[in-house]
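Visitor: Can you keep this structure in mind? I'll have questions shortly.
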Amino acid sequence: MASGADHISDLPEGVFHHILSLLPAHDAVRTCVLAHRWRDLWRSAPAVRIVGCRDWPGGIEAFGRFVDGLLRHRRGGAPLESCGFDLDLEVDPSDLPAVEQQGNSCIRRALRRKVRELRFDVSVQITPRLLFTLSDRPLASEHLTRLELAGVQGNAGVLDFSWCPALEELKMVECSVGSLAMHSPSVKHLSIKYCFFYSNYRTGLSFPNLVSFKFITNCGRAPLLESMPMLETAKVRFDHFYDDRCRNGRTDDDCGDAFCYGCYYYYGPDDYDCVFLEGLTEATHLYLSAFPELVCLHLLSPQLSYYLQFYYFSCSKCKRSNYYTAIMTNTCLDCISIVPFQSPCFNLMPPVVCSRPPRCIIIENV
Amino acid sequence: MAAPESGDGNNGAARMVTLISSDNTRFEVEAAAASLSQTLQLTILDGGGGGGDGIPLPNVDSATLSKVLEYCIKHAPAAANGGAPNATAVDRAELERFDNEFVNIDQSVLYSLIMAAHNLEIEGLQSLVAKKVADMIKGKSPMEIRRTLGFPDPTPEEQAEMNAHMLEYGWAYE
């Protein structure tokens, strides 16, 4: 039987790059000892994935040297298609600033290498949980098209993406926003999931070129959405953790309870009709789900008041909280379908009451 | 094109095509399965491979081709659903189990499969076999990698070259 070496040495370069792209960078570099013709292949691998585990030998300084070496030794102008950092850190809280400095400089190094897709996913193993703080200045790259951030603490500097004119896709998971504004003139696809917004200020989101928007199960105050005329699809889900919920179940105006802040902080520019939904009205497909006691996010807009009904529509018979998904199929609200969840006696309830009913309402039981 | 009406296949059998391996073995297989190969797809769409013709594959031997087709037949239904958005968790788990079992094979077979998947451009299979090799490399020292992949122990010259490399790229071995 032929030995493995006879075959694996014959693999075409493209196949070998594919294998390298699936390996953490430190493993990829080690493959160069296998065969002469592989010696330098890792230096031009289009995809680099850097995995830093808590037991990285030699500590964080060695990790910094590794990333530095990896990016510095890249062959000539070999394009860096994608660079991913998966860092699972277990550090003493007092060492965290040093680690953050290393991590931040890794990001900048990858950007200097003209990376097109960058993923920075950190998990800091400390209780209580700490987020990895990104340095407070904008990322600047003409080449970056896709950015994914997970487990980081944002700020006004880093969330201003106007210095990344080619950026089209932005994904944030389990991040703290930490800024009153997020902005990109170029992003087309934005996904914000399990993130923390301020609970006493609203963050303005300015993404004028957005085509698809996912806003799923975040907490804090719903952001102020600026106009998004290109928007096609929006998937929005409000769960328990919003601060825009009235503890007394009121959704129309101030409930009068001094300890309830649900209806606070409704402000916006003069030409805003509503806080959150304004930006979504341009979507051609909107999937919206929310708990019933969510305070309306449109207080400034009497003509949008039929949204309200969908949120606090609850079953008078079983007293169960009901939970709706409203799907608008076009911007004029000619047709809205409302999908009720968890309602055993749905058909005993009155149909949706709207102050100005849309022309068509479809109610489906799922 | 056969794909759209091949759904239930109750009005006559689904369209079949014949593939011919490098050692002249003929394999008859559903067009939908063979079309997982980007290389074959166009030929099949043009009506090739039917009847007595057959599509010759001079780079793939019969043992490898039968293995490749085993993969294609298993994955064809899911691929026909456009990546199977409505596949149940059970279906996905079953495919995953099949995939794990499928690459649990001798290394020489694995390399033949890599080359076949590459030549026939079967995306799912390319990823599956590349991941298998990556898993064999992951977390090992250079020496362990060599042994796992069936390389002979290095000659003194190779050893010297390895040592020089490890010295030069010390940061990768800390």
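Chain labels A, B, ... are given in the sequence in which chains occur in the structure tokens; within each chain residues are numbered consecutively from 1, and ligands are likewise numbered from 1 in the order shown.
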DSSP on the backbone: which residues in range 73-158 of chain A end up as strand (DSSP E or B)? Give the answer as a list in words.

Guide: Ser82, Cys83, Gly84, Phe85, Asp86, Leu87, Asp88, Leu89, Glu117, Leu118, Arg119, Phe120, Asp121, Val122, Ser123, Val124, Phe132, Thr133, Arg146, Leu147, Glu148, Leu149, Ala150, Val152 and Gln153 of chain A

Visitor: Give me the residues near Ala134 in chain B as number ranges by chain, where near means some atom within 8 Å (using only C-alpha atoms) and where sequence neighbours in that chain fewer than 4 positions away do not count.

Guide: A: 19-20, 22-23; B: 130, 138

Visitor: Set the distance at 8 Å and use only C-alpha atoms: which residues neighbour Ser44 in chain A once local chain neighbours fewer than 2 positions away are removed? I'd like the list as a PDB file with N, CA and C atoms, in the first residue's frame.

Guide:
ATOM      1  N   ASP A  40       6.279  27.092   2.384  1.00  0.00           N
ATOM      2  CA  ASP A  40       5.844  28.485   2.482  1.00  0.00           C
ATOM      3  C   ASP A  40       4.372  28.692   2.161  1.00  0.00           C
ATOM      4  N   LEU A  41       3.665  27.582   1.985  1.00  0.00           N
ATOM      5  CA  LEU A  41       2.256  27.743   1.590  1.00  0.00           C
ATOM      6  C   LEU A  41       1.449  28.516   2.622  1.00  0.00           C
ATOM      7  N   TRP A  42       1.710  28.285   3.906  1.00  0.00           N
ATOM      8  CA  TRP A  42       0.938  28.972   4.942  1.00  0.00           C
ATOM      9  C   TRP A  42       1.108  30.477   4.843  1.00  0.00           C
ATOM     10  N   PRO A  46      -5.003  32.202   1.994  1.00  0.00           N
ATOM     11  CA  PRO A  46      -5.928  33.335   1.943  1.00  0.00           C
ATOM     12  C   PRO A  46      -6.778  33.487   3.201  1.00  0.00           C
ATOM     13  N   ARG A  74       3.860  37.069   5.953  1.00  0.00           N
ATOM     14  CA  ARG A  74       3.066  36.712   4.781  1.00  0.00           C
ATOM     15  C   ARG A  74       3.839  37.013   3.516  1.00  0.00           C
ATOM     16  N   ARG A  75       3.622  36.114   2.550  1.00  0.00           N
ATOM     17  CA  ARG A  75       4.405  36.205   1.330  1.00  0.00           C
ATOM     18  C   ARG A  75       3.955  37.411   0.505  1.00  0.00           C
ATOM     19  N   ALA A  78       0.413  38.621  -0.901  1.00  0.00           N
ATOM     20  CA  ALA A  78      -0.660  37.630  -0.854  1.00  0.00           C
ATOM     21  C   ALA A  78      -1.876  38.217  -0.160  1.00  0.00           C
ATOM     22  N   PRO A  79      -3.016  38.258  -0.850  1.00  0.00           N
ATOM     23  CA  PRO A  79      -4.186  38.896  -0.245  1.00  0.00           C
ATOM     24  C   PRO A  79      -4.694  38.086   0.939  1.00  0.00           C
ATOM     25  N   LEU A  80      -5.082  38.778   1.987  1.00  0.00           N
ATOM     26  CA  LEU A  80      -5.624  38.117   3.160  1.00  0.00           C
ATOM     27  C   LEU A  80      -7.141  38.202   3.040  1.00  0.00           C
TER      28      LEU A  80
END

Visitor: Provide the CA of Lys214 in chain A to CA of Ala234 in chain A distance in Å, to one decimal place.

Guide: 5.7 Å

Visitor: Which distance in Å separates CA of Phe132 in chain A and CA of Thr145 in chain A, to one decimal?

Guide: 22.7 Å

Visitor: Once you count only C-alpha atoms, which residues of chain B turn out to be within 10 Å of chain A? Could you give them as a PyMOL selection string?

Guide: chain B and resi 106-112+114-115+117-118+126-127+129-135+137-143+145-152+154+158-159+161-163+165-166+169-174

Visitor: Distance CA of Thr64 in chain B-CA of Glu30 in chain B, one decimal place?

Guide: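 Straight-line distance from CA of Thr64 in chain B to CA of Glu30 in chain B works out to 17.7 Å.
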
Visitor: Just checking: using only C-alpha atoms, which residue out of B:Leu65, B:Cys72, B:Ala164, B:Ala89 ends up closest to Gly124 in chain B?

Guide: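 Answer, going by the shortest atom-to-atom distance: B:Cys72.
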
Visitor: Which residues are close to Asp53 in chain B, i.e. within 10 Å by only C-alpha atoms, leaving aside same-chain residues fewer than 4 positions away? Reply as number ranges by chain.

Guide: B: 17-20, 48-49

Visitor: Can you list, as a ChimeraX atom specification, all residues belonging to range 10-168 of chain B that DSSP tags as alpha helix (DSSP H)?

Guide: /B:31-34,38-45,62-80,89-102,107-120,123-137,142-148,156-168

Visitor: Write a file of the selected residues as a JSON list (two decimals), in the first residue's frame, keeping C-alpha atoms.

Guide:
[["chain", "number", "residue", "atom", "x", "y", "z"],
["B", 31, "ALA", "CA", -29.16, 12.75, -12.66],
["B", 32, "ALA", "CA", -30.02, 14.70, -9.51],
["B", 33, "ALA", "CA", -27.27, 12.91, -7.56],
["B", 34, "ALA", "CA", -24.62, 13.25, -10.27],
["B", 38, "GLN", "CA", -20.42, 21.22, -10.71],
["B", 39, "THR", "CA", -18.24, 19.67, -13.42],
["B", 40, "LEU", "CA", -20.95, 17.20, -14.47],
["B", 41, "GLN", "CA", -23.91, 19.48, -13.98],
["B", 42, "LEU", "CA", -23.61, 21.33, -17.28],
["B", 43, "THR", "CA", -23.12, 18.17, -19.30],
["B", 44, "ILE", "CA", -26.17, 16.64, -17.64],
["B", 45, "LEU", "CA", -28.27, 19.77, -18.20],
["B", 62, "SER", "CA", -14.18, 2.72, -9.95],
["B", 63, "ALA", "CA", -13.51, 2.23, -6.21],
["B", 64, "THR", "CA", -13.34, 6.00, -5.67],
["B", 65, "LEU", "CA", -16.29, 6.72, -7.96],
["B", 66, "SER", "CA", -18.54, 4.28, -6.13],
["B", 67, "LYS", "CA", -17.61, 6.00, -2.88],
["B", 68, "VAL", "CA", -18.25, 9.46, -4.38],
["B", 69, "LEU", "CA", -21.63, 8.33, -5.69],
["B", 70, "GLU", "CA", -22.54, 6.92, -2.28],
["B", 71, "TYR", "CA", -22.06, 10.46, -0.95],
["B", 72, "CYS", "CA", -23.99, 12.10, -3.80],
["B", 73, "ILE", "CA", -26.98, 9.76, -3.53],
["B", 74, "LYS", "CA", -27.22, 10.40, 0.19],
["B", 75, "HIS", "CA", -26.94, 14.18, -0.15],
["B", 76, "ALA", "CA", -28.99, 14.67, -3.33],
["B", 77, "PRO", "CA", -32.45, 14.95, -1.69],
["B", 78, "ALA", "CA", -31.27, 17.66, 0.72],
["B", 79, "ALA", "CA", -29.47, 19.54, -2.06],
["B", 80, "ALA", "CA", -32.62, 19.44, -4.20],
["B", 89, "ALA", "CA", -33.41, 17.99, 12.84],
["B", 90, "VAL", "CA", -33.61, 14.22, 12.42],
["B", 91, "ASP", "CA", -32.69, 14.44, 8.74],
["B", 92, "ARG", "CA", -29.76, 16.70, 9.50],
["B", 93, "ALA", "CA", -28.55, 14.48, 12.31],
["B", 94, "GLU", "CA", -28.78, 11.49, 9.99],
["B", 95, "LEU", "CA", -26.69, 13.27, 7.31],
["B", 96, "GLU", "CA", -24.16, 14.25, 9.93],
["B", 97, "ARG", "CA", -23.92, 10.68, 11.17],
["B", 98, "PHE", "CA", -23.51, 9.50, 7.60],
["B", 99, "ASP", "CA", -20.76, 12.08, 6.95],
["B", 100, "ASN", "CA", -18.80, 11.09, 10.05],
["B", 101, "GLU", "CA", -19.02, 7.43, 9.14],
["B", 102, "PHE", "CA", -18.22, 8.19, 5.50],
["B", 107, "GLN", "CA", -5.90, 7.34, 4.20],
["B", 108, "SER", "CA", -5.17, 6.30, 0.63],
["B", 109, "VAL", "CA", -8.93, 6.19, -0.01],
["B", 110, "LEU", "CA", -9.26, 9.58, 1.64],
["B", 111, "TYR", "CA", -6.68, 11.16, -0.69],
["B", 112, "SER", "CA", -8.33, 9.64, -3.74],
["B", 113, "LEU", "CA", -11.60, 11.11, -2.51],
["B", 114, "ILE", "CA", -10.00, 14.55, -2.02],
["B", 115, "MET", "CA", -8.75, 14.51, -5.59],
["B", 116, "ALA", "CA", -12.06, 13.25, -6.98],
["B", 117, "ALA", "CA", -14.07, 15.84, -5.02],
["B", 118, "HIS", "CA", -11.67, 18.51, -6.29],
["B", 119, "ASN", "CA", -11.85, 17.40, -9.94],
["B", 120, "LEU", "CA", -15.60, 16.88, -9.92],
["B", 123, "GLU", "CA", -18.58, 21.33, -2.78],
["B", 124, "GLY", "CA", -19.99, 19.46, 0.21],
["B", 125, "LEU", "CA", -17.62, 16.56, -0.26],
["B", 126, "GLN", "CA", -14.65, 18.91, -0.70],
["B", 127, "SER", "CA", -15.42, 20.49, 2.65],
["B", 128, "LEU", "CA", -16.01, 17.16, 4.32],
["B", 129, "VAL", "CA", -12.70, 15.61, 3.30],
["B", 130, "ALA", "CA", -10.70, 18.81, 3.88],
["B", 131, "LYS", "CA", -12.15, 18.97, 7.38],
["B", 132, "LYS", "CA", -11.17, 15.35, 7.97],
["B", 133, "VAL", "CA", -7.53, 16.08, 7.06],
["B", 134, "ALA", "CA", -7.59, 19.29, 9.14],
["B", 135, "ASP", "CA", -8.85, 17.30, 12.12],
["B", 136, "MET", "CA", -5.98, 14.86, 11.67],
["B", 137, "ILE", "CA", -3.50, 17.74, 11.87],
["B", 142, "PRO", "CA", 5.18, 18.56, 13.70],
["B", 143, "MET", "CA", 6.45, 15.05, 14.42],
["B", 144, "GLU", "CA", 2.97, 13.80, 15.35],
["B", 145, "ILE", "CA", 1.52, 15.37, 12.20],
["B", 146, "ARG", "CA", 4.08, 13.53, 10.08],
["B", 147, "ARG", "CA", 3.24, 10.22, 11.75],
["B", 148, "THR", "CA", -0.52, 10.73, 11.55],
["B", 156, "PRO", "CA", 18.84, 13.60, 8.99],
["B", 157, "GLU", "CA", 18.75, 16.31, 6.30],
["B", 158, "GLU", "CA", 15.01, 16.74, 6.67],
["B", 159, "GLN", "CA", 15.40, 16.82, 10.43],
["B", 160, "ALA", "CA", 18.03, 19.55, 10.10],
["B", 161, "GLU", "CA", 15.75, 21.50, 7.80],
["B", 162, "MET", "CA", 12.88, 21.12, 10.27],
["B", 163, "ASN", "CA", 15.04, 22.30, 13.14],
["B", 164, "ALA", "CA", 16.21, 25.32, 11.17],
["B", 165, "HIS", "CA", 12.62, 26.16, 10.35],
["B", 166, "MET", "CA", 11.51, 25.85, 13.94],
["B", 167, "LEU", "CA", 14.34, 28.10, 14.97],
["B", 168, "GLU", "CA", 13.44, 30.70, 12.35]]

Visitor: Excluding Ser22 in chain B and residues on its chain fewer than 5 positions from it, collect all residues at most 9 Å away from it, counting only C-alpha atoms, and give them as a ChimeraX atom specification.

Guide: /B:56-62
